[in-house]
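> Handing over final.txt, compact mmCIF, C-alpha atoms.
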```
# COMPACT_ATOMS: atom_id res chain seq x y z
CA MET A 3 0.00 0.00 0.00
CA PHE A 4 1.43 3.38 -1.04
CA GLU A 5 0.38 5.36 2.03
CA HIS A 6 2.16 8.50 3.04
CA LYS A 7 1.47 11.08 5.77
CA THR A 8 1.49 14.47 4.09
CA VAL A 9 3.64 17.20 5.62
CA LEU A 10 2.55 20.87 5.86
CA LEU A 11 -0.60 20.08 3.90
CA GLU A 12 -2.74 23.16 4.49
CA GLU A 13 0.20 25.55 4.72
CA THR A 14 1.43 24.50 1.27
CA ILE A 15 -1.86 24.49 -0.64
CA ASN A 16 -3.38 27.51 1.11
CA GLY A 17 -0.11 29.32 0.49
CA LEU A 18 -0.74 29.03 -3.26
CA ALA A 19 -3.84 31.28 -2.93
CA VAL A 20 -5.73 28.82 -5.13
CA ASN A 21 -7.90 30.14 -7.97
CA PRO A 22 -10.76 27.61 -8.45
CA ASP A 23 -10.46 27.96 -12.23
CA GLY A 24 -6.66 27.86 -12.27
CA VAL A 25 -4.09 25.42 -13.61
CA TYR A 26 -1.77 23.85 -11.03
CA VAL A 27 1.19 21.48 -11.02
CA ASP A 28 2.15 18.89 -8.40
CA CYS A 29 5.80 18.04 -9.09
CA THR A 30 6.04 15.27 -6.47
CA LEU A 31 2.75 13.38 -6.43
CA GLY A 32 3.75 10.59 -4.01
CA GLY A 33 0.68 9.36 -2.13
CA GLY A 34 -1.46 12.21 -3.46
CA GLY A 35 -2.12 14.00 -0.17
CA HIS A 36 -1.40 17.51 -1.40
CA ALA A 37 -3.09 16.75 -4.71
CA GLU A 38 -6.32 15.59 -3.08
CA TYR A 39 -6.52 18.68 -0.89
CA LEU A 40 -5.86 21.02 -3.81
CA LEU A 41 -8.45 19.28 -5.97
CA THR A 42 -11.14 19.99 -3.34
CA LYS A 43 -10.46 23.69 -3.92
CA LEU A 44 -10.79 23.57 -7.72
CA GLY A 45 -13.95 24.24 -9.66
CA THR A 46 -15.02 22.39 -12.79
CA LYS A 47 -12.70 24.52 -14.95
CA GLY A 48 -9.66 24.06 -12.71
CA HIS A 49 -7.01 21.43 -13.46
CA LEU A 50 -4.07 19.75 -11.76
CA TYR A 51 -1.14 18.17 -13.60
CA ALA A 52 0.73 15.78 -11.31
CA PHE A 53 4.27 14.45 -11.88
CA ASP A 54 5.94 11.38 -10.43
CA GLN A 55 8.57 9.03 -11.84
CA ASP A 56 7.52 6.17 -9.55
CA GLN A 57 5.06 3.86 -11.33
CA GLN A 58 3.82 2.48 -8.01
CA ALA A 59 2.84 5.97 -6.79
CA LEU A 60 1.00 6.73 -10.03
CA GLU A 61 -0.95 3.47 -9.89
CA TYR A 62 -1.95 4.12 -6.28
CA VAL A 63 -3.15 7.69 -6.96
CA GLN A 64 -4.93 6.60 -10.13
CA LYS A 65 -7.24 4.56 -7.93
CA LYS A 66 -7.34 6.96 -4.99
CA LEU A 67 -8.26 10.03 -7.07
CA LYS A 68 -10.13 8.22 -9.83
CA LYS A 69 -13.15 10.56 -9.74
CA TYR A 70 -11.00 13.62 -10.45
CA ILE A 71 -9.39 11.90 -13.43
CA GLU A 72 -12.82 10.97 -14.77
CA GLN A 73 -14.02 14.57 -14.24
CA ASP A 74 -11.01 15.77 -16.30
CA GLN A 75 -9.59 17.73 -13.37
CA LEU A 76 -6.46 15.63 -12.85
CA THR A 77 -3.79 14.49 -15.31
CA LEU A 78 -1.01 12.13 -14.16
CA ILE A 79 2.40 12.37 -15.84
CA GLN A 80 5.14 9.79 -15.35
CA SER A 81 8.28 11.88 -15.57
CA ASN A 82 11.06 13.46 -13.54
CA PHE A 83 10.07 17.00 -12.62
CA ARG A 84 13.17 18.31 -14.40
CA SER A 85 11.06 17.87 -17.59
CA ILE A 86 8.19 20.00 -16.29
CA LYS A 87 8.22 22.56 -19.10
CA SER A 88 8.46 20.18 -22.05
CA ALA A 89 5.94 17.75 -20.53
CA LEU A 90 3.39 20.53 -19.96
CA ASN A 91 4.04 22.02 -23.40
CA GLU A 92 3.12 18.64 -24.88
CA LYS A 93 -0.24 19.02 -23.11
CA GLY A 94 -0.68 22.51 -24.57
CA ILE A 95 0.15 24.24 -21.27
CA SER A 96 2.60 27.16 -21.27
CA VAL A 97 1.39 29.15 -18.23
CA VAL A 98 0.21 27.90 -14.82
CA ASP A 99 -1.19 29.50 -11.67
CA GLY A 100 0.71 27.48 -9.11
CA ILE A 101 3.36 24.79 -8.63
CA TYR A 102 4.41 22.88 -5.55
CA TYR A 103 7.14 20.43 -4.55
CA ASP A 104 7.31 18.01 -1.61
CA LEU A 105 10.94 16.94 -1.89
CA GLY A 106 12.84 13.91 -0.67
CA VAL A 107 11.86 10.28 -0.50
CA SER A 108 8.27 9.37 0.28
CA SER A 109 7.53 7.21 3.31
CA PRO A 110 6.50 4.12 1.25
CA GLN A 111 9.83 4.17 -0.58
CA PHE A 112 11.65 4.13 2.75
CA ASP A 113 9.30 1.60 4.30
CA GLN A 114 9.55 -0.95 1.48
CA ALA A 115 12.79 -2.81 2.08
CA ASP A 116 13.19 -3.89 -1.54
CA ARG A 117 13.54 -0.26 -2.68
CA GLY A 118 16.95 -0.23 -0.99
CA PHE A 119 16.68 3.28 0.50
CA SER A 120 16.79 2.45 4.21
CA TYR A 121 19.81 1.77 6.38
CA ARG A 122 17.46 0.17 8.91
CA MET A 123 16.19 -2.65 6.66
CA ASP A 124 18.46 -5.03 4.78
CA ALA A 125 17.92 -5.22 1.01
CA ARG A 126 19.88 -5.00 -2.23
CA LEU A 127 21.36 -1.55 -2.76
CA ASP A 128 19.02 0.33 -5.10
CA MET A 129 17.68 3.81 -4.13
CA ARG A 130 16.22 4.53 -7.59
CA MET A 131 13.11 6.70 -7.52
CA ASN A 132 12.58 5.75 -11.15
CA ARG A 133 13.07 1.99 -11.31
CA GLN A 134 13.52 2.14 -15.09
CA GLN A 135 16.81 4.04 -14.87
CA SER A 136 20.05 2.03 -15.04
CA LEU A 137 22.14 3.73 -12.34
CA SER A 138 21.49 2.42 -8.83
CA ALA A 139 23.21 2.65 -5.45
CA PHE A 140 24.93 -0.66 -6.19
CA GLU A 141 26.88 0.87 -9.11
CA VAL A 142 27.73 4.03 -7.13
CA VAL A 143 29.07 2.07 -4.15
CA ASN A 144 30.92 -0.61 -6.11
CA GLU A 145 32.08 1.19 -9.27
CA TRP A 146 32.61 4.90 -8.55
CA ASN A 147 36.20 5.81 -7.76
CA TYR A 148 37.46 6.95 -4.36
CA ASP A 149 37.54 10.66 -5.23
CA ASP A 150 33.94 10.64 -6.47
CA LEU A 151 32.76 8.81 -3.36
CA VAL A 152 34.50 11.35 -1.12
CA ARG A 153 32.99 14.20 -3.14
CA ILE A 154 29.37 13.03 -2.92
CA ILE A 155 29.54 11.84 0.70
CA TYR A 156 31.09 15.14 1.83
CA ARG A 157 29.02 17.43 -0.40
CA TYR A 158 25.63 15.70 -0.41
CA GLY A 159 25.84 14.09 3.02
CA GLU A 160 27.78 16.86 4.76
CA GLU A 161 29.72 14.01 6.35
CA LYS A 162 33.07 15.06 7.89
CA PHE A 163 34.34 11.45 7.85
CA ALA A 164 33.80 11.12 4.08
CA LYS A 165 37.39 10.09 3.37
CA ARG A 166 37.38 7.36 6.04
CA ILE A 167 34.07 6.00 4.75
CA ALA A 168 35.25 6.03 1.12
CA ARG A 169 38.46 4.20 2.08
CA ARG A 170 36.49 1.58 3.97
CA ILE A 171 34.16 1.05 0.98
CA GLU A 172 37.11 0.85 -1.42
CA ALA A 173 38.91 -1.72 0.73
CA GLN A 174 35.84 -3.93 1.13
CA ARG A 175 34.83 -4.00 -2.53
CA LYS A 176 38.32 -5.22 -3.47
CA VAL A 177 37.52 -8.32 -1.42
CA GLN A 178 33.84 -8.71 -2.32
CA ALA A 179 31.06 -6.59 -3.84
CA ILE A 180 28.95 -4.61 -1.37
CA GLU A 181 25.47 -5.78 -2.29
CA THR A 182 23.07 -4.81 0.49
CA THR A 183 22.02 -1.82 2.55
CA GLY A 184 22.92 -3.75 5.70
CA GLN A 185 26.48 -4.34 4.51
CA LEU A 186 26.93 -0.68 3.58
CA ALA A 187 25.45 0.58 6.86
CA GLU A 188 27.84 -1.64 8.82
CA LEU A 189 30.86 -0.45 6.80
CA VAL A 190 29.95 3.20 7.45
CA LYS A 191 29.48 2.48 11.14
CA GLU A 192 32.92 0.86 11.30
CA ALA A 193 34.54 3.84 9.55
CA ILE A 194 33.18 6.43 11.99
CA PRO A 195 34.93 6.80 15.38
CA ALA A 196 33.05 5.21 18.27
CA ALA A 197 32.80 8.48 20.21
CA THR A 198 31.05 10.16 17.27
CA ARG A 199 28.63 7.27 16.81
CA ARG A 200 27.12 7.84 20.26
CA SER A 201 25.21 10.94 19.17
CA GLY A 202 23.50 12.42 16.11
CA GLY A 203 21.31 9.50 15.05
CA HIS A 204 22.28 6.52 12.92
CA PRO A 205 25.91 6.83 11.71
CA ALA A 206 24.98 5.81 8.14
CA LYS A 207 22.21 8.40 7.72
CA ARG A 208 24.31 11.06 5.99
CA THR A 209 26.10 8.62 3.70
CA PHE A 210 22.84 7.02 2.58
CA GLN A 211 21.40 10.48 1.89
CA ALA A 212 24.45 11.36 -0.20
CA ILE A 213 24.29 8.20 -2.30
CA ARG A 214 20.53 8.60 -2.83
CA ILE A 215 21.01 12.19 -4.05
CA ALA A 216 23.75 11.05 -6.42
CA VAL A 217 21.74 8.11 -7.80
CA ASN A 218 18.75 10.32 -8.58
CA ASP A 219 20.70 13.49 -9.47
CA GLU A 220 18.33 15.25 -7.08
CA LEU A 221 19.94 18.66 -6.66
CA MET A 222 20.60 19.27 -10.35
CA ALA A 223 17.09 18.07 -11.20
CA LEU A 224 15.64 20.43 -8.58
CA GLU A 225 17.61 23.42 -9.85
CA GLU A 226 16.56 22.76 -13.45
CA SER A 227 12.93 22.23 -12.46
CA LEU A 228 12.71 25.36 -10.29
CA ASP A 229 14.19 27.46 -13.07
CA GLN A 230 11.55 26.16 -15.49
CA GLY A 231 8.76 26.35 -12.92
CA LEU A 232 9.40 30.00 -12.13
CA SER A 233 9.23 30.85 -15.84
CA LEU A 234 5.89 28.99 -16.18
CA LEU A 235 4.09 31.04 -13.54
CA SER A 236 1.39 33.49 -14.54
CA GLN A 237 1.30 36.95 -13.00
CA HIS A 238 0.43 36.44 -9.30
CA GLY A 239 1.09 32.71 -9.72
CA ARG A 240 2.89 31.06 -6.81
CA LEU A 241 5.48 28.32 -6.35
CA ALA A 242 5.90 26.43 -3.06
CA VAL A 243 8.70 24.07 -2.00
CA ILE A 244 8.91 21.79 1.04
CA SER A 245 12.51 20.71 1.66
CA PHE A 246 13.87 18.22 4.19
CA HIS A 247 17.60 18.85 4.41
CA SER A 248 19.92 21.85 4.35
CA LEU A 249 21.23 21.31 0.80
CA GLU A 250 17.74 21.46 -0.71
CA ASP A 251 16.66 24.38 1.45
CA ARG A 252 19.83 26.35 0.67
CA LEU A 253 19.33 25.85 -3.07
CA VAL A 254 15.69 26.96 -2.90
CA LYS A 255 16.53 29.94 -0.68
CA GLN A 256 19.32 31.12 -3.01
CA MET A 257 17.25 30.77 -6.18
CA PHE A 258 14.28 32.56 -4.60
CA LYS A 259 16.53 35.35 -3.34
CA GLN A 260 18.13 35.82 -6.74
CA VAL A 261 14.86 36.22 -8.68
CA SER A 262 13.18 38.37 -5.99
CA SER A 263 16.04 40.88 -5.78
CA VAL A 264 16.32 44.02 -7.90
CA PRO A 265 19.52 44.07 -10.00
CA GLU A 266 22.09 46.54 -8.70
CA THR A 267 22.49 49.72 -10.75
CA PRO A 268 26.12 50.48 -11.70
CA ARG A 269 27.65 53.47 -9.94
CA ASN A 270 27.39 56.90 -11.60
CA LEU A 271 24.40 55.83 -13.69
CA PRO A 272 21.17 57.75 -13.07
CA ILE A 273 18.13 55.77 -11.87
CA LEU A 274 15.41 56.75 -14.31
CA THR A 275 12.61 54.58 -12.94
CA GLN A 276 12.04 52.63 -9.74
CA GLN A 277 12.91 49.02 -10.55
CA GLU A 278 10.74 46.15 -9.35
CA ALA A 279 11.75 42.53 -9.05
CA GLU A 280 9.82 40.01 -11.13
CA TYR A 281 9.09 37.85 -8.07
CA ARG A 282 8.47 38.43 -4.36
CA LEU A 283 8.97 36.19 -1.35
CA VAL A 284 5.62 35.28 0.24
CA ASN A 285 7.45 34.23 3.43
CA ARG A 286 10.94 35.51 4.24
CA LYS A 287 11.53 32.84 6.85
CA PRO A 288 10.62 29.21 6.12
CA ILE A 289 7.29 27.92 7.44
CA VAL A 290 7.69 24.91 9.75
CA ALA A 291 5.25 22.41 11.26
CA ASP A 292 3.35 23.34 14.41
CA ALA A 293 3.50 21.36 17.66
CA ILE A 294 0.50 19.20 16.78
CA GLU A 295 1.94 18.06 13.44
CA LEU A 296 5.37 17.53 14.97
CA ALA A 297 3.83 15.19 17.55
CA GLU A 298 1.91 13.22 14.91
CA ASN A 299 4.43 13.04 12.07
CA ARG A 300 8.14 12.38 12.66
CA ARG A 301 8.95 13.37 9.07
CA ALA A 302 7.69 16.91 9.72
CA HIS A 303 10.58 17.76 12.07
CA SER A 304 12.99 18.66 9.27
CA ALA A 305 10.42 20.15 6.86
CA LYS A 306 10.77 23.76 5.69
CA LEU A 307 8.31 25.47 3.36
CA ARG A 308 9.20 28.44 1.15
CA ILE A 309 6.76 30.20 -1.19
CA ILE A 310 7.38 32.76 -3.92
CA GLU A 311 4.99 34.77 -6.14
CA ARG A 312 5.46 36.20 -9.60
CA VAL A 313 4.39 39.84 -9.30
CA ARG A 314 5.02 40.89 -12.87
CA SER A 315 5.51 39.09 -16.14
CA VAL A 316 8.15 40.05 -18.71
CA ASN A 317 6.45 38.05 -21.47
```
Spell out the structure here as structure tokens.

Amino acid sequence: MFEHKTVLLEETINGLAVNPDGVYVDCTLGGGGHAEYLLTKLGTKGHLYAFDQDQQALEYVQKKLKKYIEQDQLTLIQSNFRSIKSALNEKGISVVDGIYYDLGVSSPQFDQADRGFSYRMDARLDMRMNRQQSLSAFEVVNEWNYDDLVRIIYRYGEEKFAKRIARRIEAQRKVQAIETTGQLAELVKEAIPAATRRSGGHPAKRTFQAIRIAVNDELMALEESLDQGLSLLSQHGRLAVISFHSLEDRLVKQMFKQVSSVPETPRNLPILTQQEAEYRLVNRKPIVADAIELAENRRAHSAKLRIIERVRSVN
């Protein structure tokens, strides 16, 4: 069963200031929680286009939200959200009123051992969000060179013991291939000093995050998708992003800041007109879950929501 407890549900959808007749895009469909709530706010002319690269998620939502598909209010698209613009253009859509992202891995992907995402359940190394792609965690761990392993574990996992972990992986795979999540988790644990392992959660958490990001090219895909998404917004259209770790949040924050800032005027040049940025930040500080949601949903603890609005169009 592809069940998933939605994070920051009302804050995200209400933050889009939904127009009942508008066109909206869900870039991370998952279990369909955000989609279902948004669809209740749409009138008969409104429409939601929902992206996911996971066939299992699409099949689950196809049944769950069947009535909206039959009413021609929901269209499901199996694709990585980095193809948002071309995929929507194929549907005849060039402008939308709102877009939202719920980043990271969905709960069912973590909970199903055979997906190979979790360091808590033993399974073959996989971590592919799109199970049709060739690159998996197995290839990254067993075939990528030492320097590349250090780079991704340090950069994507923010792991200070990246070199020790990469050396441990390199030494082990010379003896025998590292095939399972359990084997990898144990290697990481052995590479990290015992004193450090006593705090900060599971010692393999950051390394597994790094490998997952690398397998799915998550940060580059997000940057490409946000760039396209911002350009798709209508005037007063909004884009919302829920992130779950500092790398994602930093990327979103920097991109939002860049497009919502007025370009600096070179010195000694007269300012003829008051310049206005094309976008504005709806919330300057990220929105986080309240105490009730934090108590009910463990995943909400690291969630940060940022929303931006297009205030003028240059088209």
> Select, counting all atoms listed in the file, all protein, DNA and RNA residues no farther than 7 Å from (15.6, -1.6, -3.1) in file coordinates, and express the selection as a CSV table (one decimal) with C-alpha atoms, keeping the file's coordinate frame.

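What landed in part.csv:
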```
chain,number,residue,atom,x,y,z
A,115,ALA,CA,12.8,-2.8,2.1
A,116,ASP,CA,13.2,-3.9,-1.5
A,117,ARG,CA,13.5,-0.3,-2.7
A,118,GLY,CA,17.0,-0.2,-1.0
A,119,PHE,CA,16.7,3.3,0.5
A,125,ALA,CA,17.9,-5.2,1.0
A,126,ARG,CA,19.9,-5.0,-2.2
A,127,LEU,CA,21.4,-1.6,-2.8
A,128,ASP,CA,19.0,0.3,-5.1
A,129,MET,CA,17.7,3.8,-4.1
```
> Produce the centre coordinates and the three edge lengths, each in Å to one decimal, of the box along x, y and z that contains all listed atoms of stretch 240-255 of chain A with 5 Å added on each side, as JSON.

```
{"center_x": 12.1, "center_y": 24.6, "center_z": -1.2, "size_x": 28.3, "size_y": 22.8, "size_z": 21.2}
```
> Interatomic distance between atom CA of A:Gln135 and atom CA of A:Arg214?
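Separation of atom CA of A:Gln135 and atom CA of A:Arg214: 13.4 Å.
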> Residues within 10 Å of A:Ala196, please, as a PyMOL selection string. Count only C-alpha atoms; anything in the same chain fewer than 5 positions from it doesn't count.
chain A and resi 191+201+205
> Please determine, counting only C-alpha atoms, which residue among A:Arg130, A:Arg153, A:Arg286, A:Lys69 has the shortest atom-to-atom distance to A:Ala168.
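Looking at the shortest contact to A:Ala168, the residue is A:Arg153.
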> May I have the residues within 8 Å of A:Arg170 as a PyMOL selection string, using only C-alpha atoms and disregarding those fewer than 4 positions away in the same chain?
chain A and resi 166+174+189-190+193
> With all atoms listed in the file as the atoms that count, which of A:Ser315, A:Thr14, A:Gln237, A:Thr183 lies nearest to A:Phe210?
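Closest residue, counting all atoms listed in the file: A:Thr183.
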> At what distance in Å, to one decimal, does atom CA of A:Ala242 lie from atom CA of A:Asn16?
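Computed distance, atom CA of A:Asn16 to atom CA of A:Ala242, equals 10.2 Å.
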> Using all atoms listed in the file, which residues of stretch 244-315 of chain A come within 8 Å of stretch 9-12 of chain A, and what is the closest atom pair for each, with the distance in Å to one decimal? Give it as JSON lines, sorted by chain and residue number.

```
{"residue": "A:Val290", "atom": "CA", "partner": "A:Leu10", "partner_atom": "CA", "distance": 7.6}
{"residue": "A:Ala291", "atom": "CA", "partner": "A:Leu10", "partner_atom": "CA", "distance": 6.2}
{"residue": "A:Asn299", "atom": "CA", "partner": "A:Val9", "partner_atom": "CA", "distance": 7.7}
{"residue": "A:Arg301", "atom": "CA", "partner": "A:Val9", "partner_atom": "CA", "distance": 7.4}
{"residue": "A:Ala302", "atom": "CA", "partner": "A:Val9", "partner_atom": "CA", "distance": 5.8}
{"residue": "A:Ala305", "atom": "CA", "partner": "A:Val9", "partner_atom": "CA", "distance": 7.5}
{"residue": "A:Leu307", "atom": "CA", "partner": "A:Leu10", "partner_atom": "CA", "distance": 7.8}
```
> Generate the coordinates of N, CA and C atoms for stretch 81-98 of chain A; report them as a JSON list (two decimals), in the coordinates of the input.

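What ended up in out_12.json:
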```json
[["chain", "number", "residue", "atom", "x", "y", "z"],
["A", 81, "SER", "N", 7.08, 11.18, -15.11],
["A", 81, "SER", "CA", 8.28, 11.88, -15.57],
["A", 81, "SER", "C", 8.99, 12.49, -14.38],
["A", 82, "ASN", "N", 10.30, 12.69, -14.51],
["A", 82, "ASN", "CA", 11.06, 13.46, -13.54],
["A", 82, "ASN", "C", 10.63, 14.92, -13.67],
["A", 83, "PHE", "N", 10.55, 15.62, -12.55],
["A", 83, "PHE", "CA", 10.07, 17.00, -12.62],
["A", 83, "PHE", "C", 11.04, 17.95, -13.31],
["A", 84, "ARG", "N", 12.24, 17.46, -13.65],
["A", 84, "ARG", "CA", 13.17, 18.31, -14.40],
["A", 84, "ARG", "C", 12.67, 18.51, -15.84],
["A", 85, "SER", "N", 11.66, 17.74, -16.24],
["A", 85, "SER", "CA", 11.06, 17.87, -17.59],
["A", 85, "SER", "C", 9.73, 18.60, -17.55],
["A", 86, "ILE", "N", 9.49, 19.38, -16.50],
["A", 86, "ILE", "CA", 8.19, 20.00, -16.29],
["A", 86, "ILE", "C", 7.74, 20.84, -17.49],
["A", 87, "LYS", "N", 8.62, 21.64, -18.03],
["A", 87, "LYS", "CA", 8.22, 22.56, -19.10],
["A", 87, "LYS", "C", 7.86, 21.82, -20.38],
["A", 88, "SER", "N", 8.72, 20.91, -20.81],
["A", 88, "SER", "CA", 8.46, 20.18, -22.05],
["A", 88, "SER", "C", 7.24, 19.28, -21.91],
["A", 89, "ALA", "N", 7.09, 18.64, -20.74],
["A", 89, "ALA", "CA", 5.94, 17.75, -20.53],
["A", 89, "ALA", "C", 4.63, 18.52, -20.55],
["A", 90, "LEU", "N", 4.61, 19.71, -19.94],
["A", 90, "LEU", "CA", 3.39, 20.53, -19.96],
["A", 90, "LEU", "C", 3.14, 21.11, -21.35],
["A", 91, "ASN", "N", 4.21, 21.48, -22.04],
["A", 91, "ASN", "CA", 4.04, 22.02, -23.40],
["A", 91, "ASN", "C", 3.40, 20.98, -24.32],
["A", 92, "GLU", "N", 3.73, 19.71, -24.09],
["A", 92, "GLU", "CA", 3.12, 18.64, -24.88],
["A", 92, "GLU", "C", 1.61, 18.55, -24.63],
["A", 93, "LYS", "N", 1.19, 19.00, -23.46],
["A", 93, "LYS", "CA", -0.24, 19.02, -23.11],
["A", 93, "LYS", "C", -0.90, 20.34, -23.51],
["A", 94, "GLY", "N", -0.14, 21.22, -24.15],
["A", 94, "GLY", "CA", -0.68, 22.51, -24.57],
["A", 94, "GLY", "C", -0.68, 23.55, -23.47],
["A", 95, "ILE", "N", 0.12, 23.33, -22.41],
["A", 95, "ILE", "CA", 0.15, 24.24, -21.27],
["A", 95, "ILE", "C", 1.48, 25.01, -21.27],
["A", 96, "SER", "N", 1.40, 26.34, -21.29],
["A", 96, "SER", "CA", 2.60, 27.16, -21.27],
["A", 96, "SER", "C", 2.63, 28.11, -20.07],
["A", 97, "VAL", "N", 1.48, 28.27, -19.40],
["A", 97, "VAL", "CA", 1.39, 29.15, -18.23],
["A", 97, "VAL", "C", 0.54, 28.44, -17.18],
["A", 98, "VAL", "N", 0.98, 28.51, -15.90],
["A", 98, "VAL", "CA", 0.21, 27.90, -14.82],
["A", 98, "VAL", "C", 0.06, 28.89, -13.66]]
```
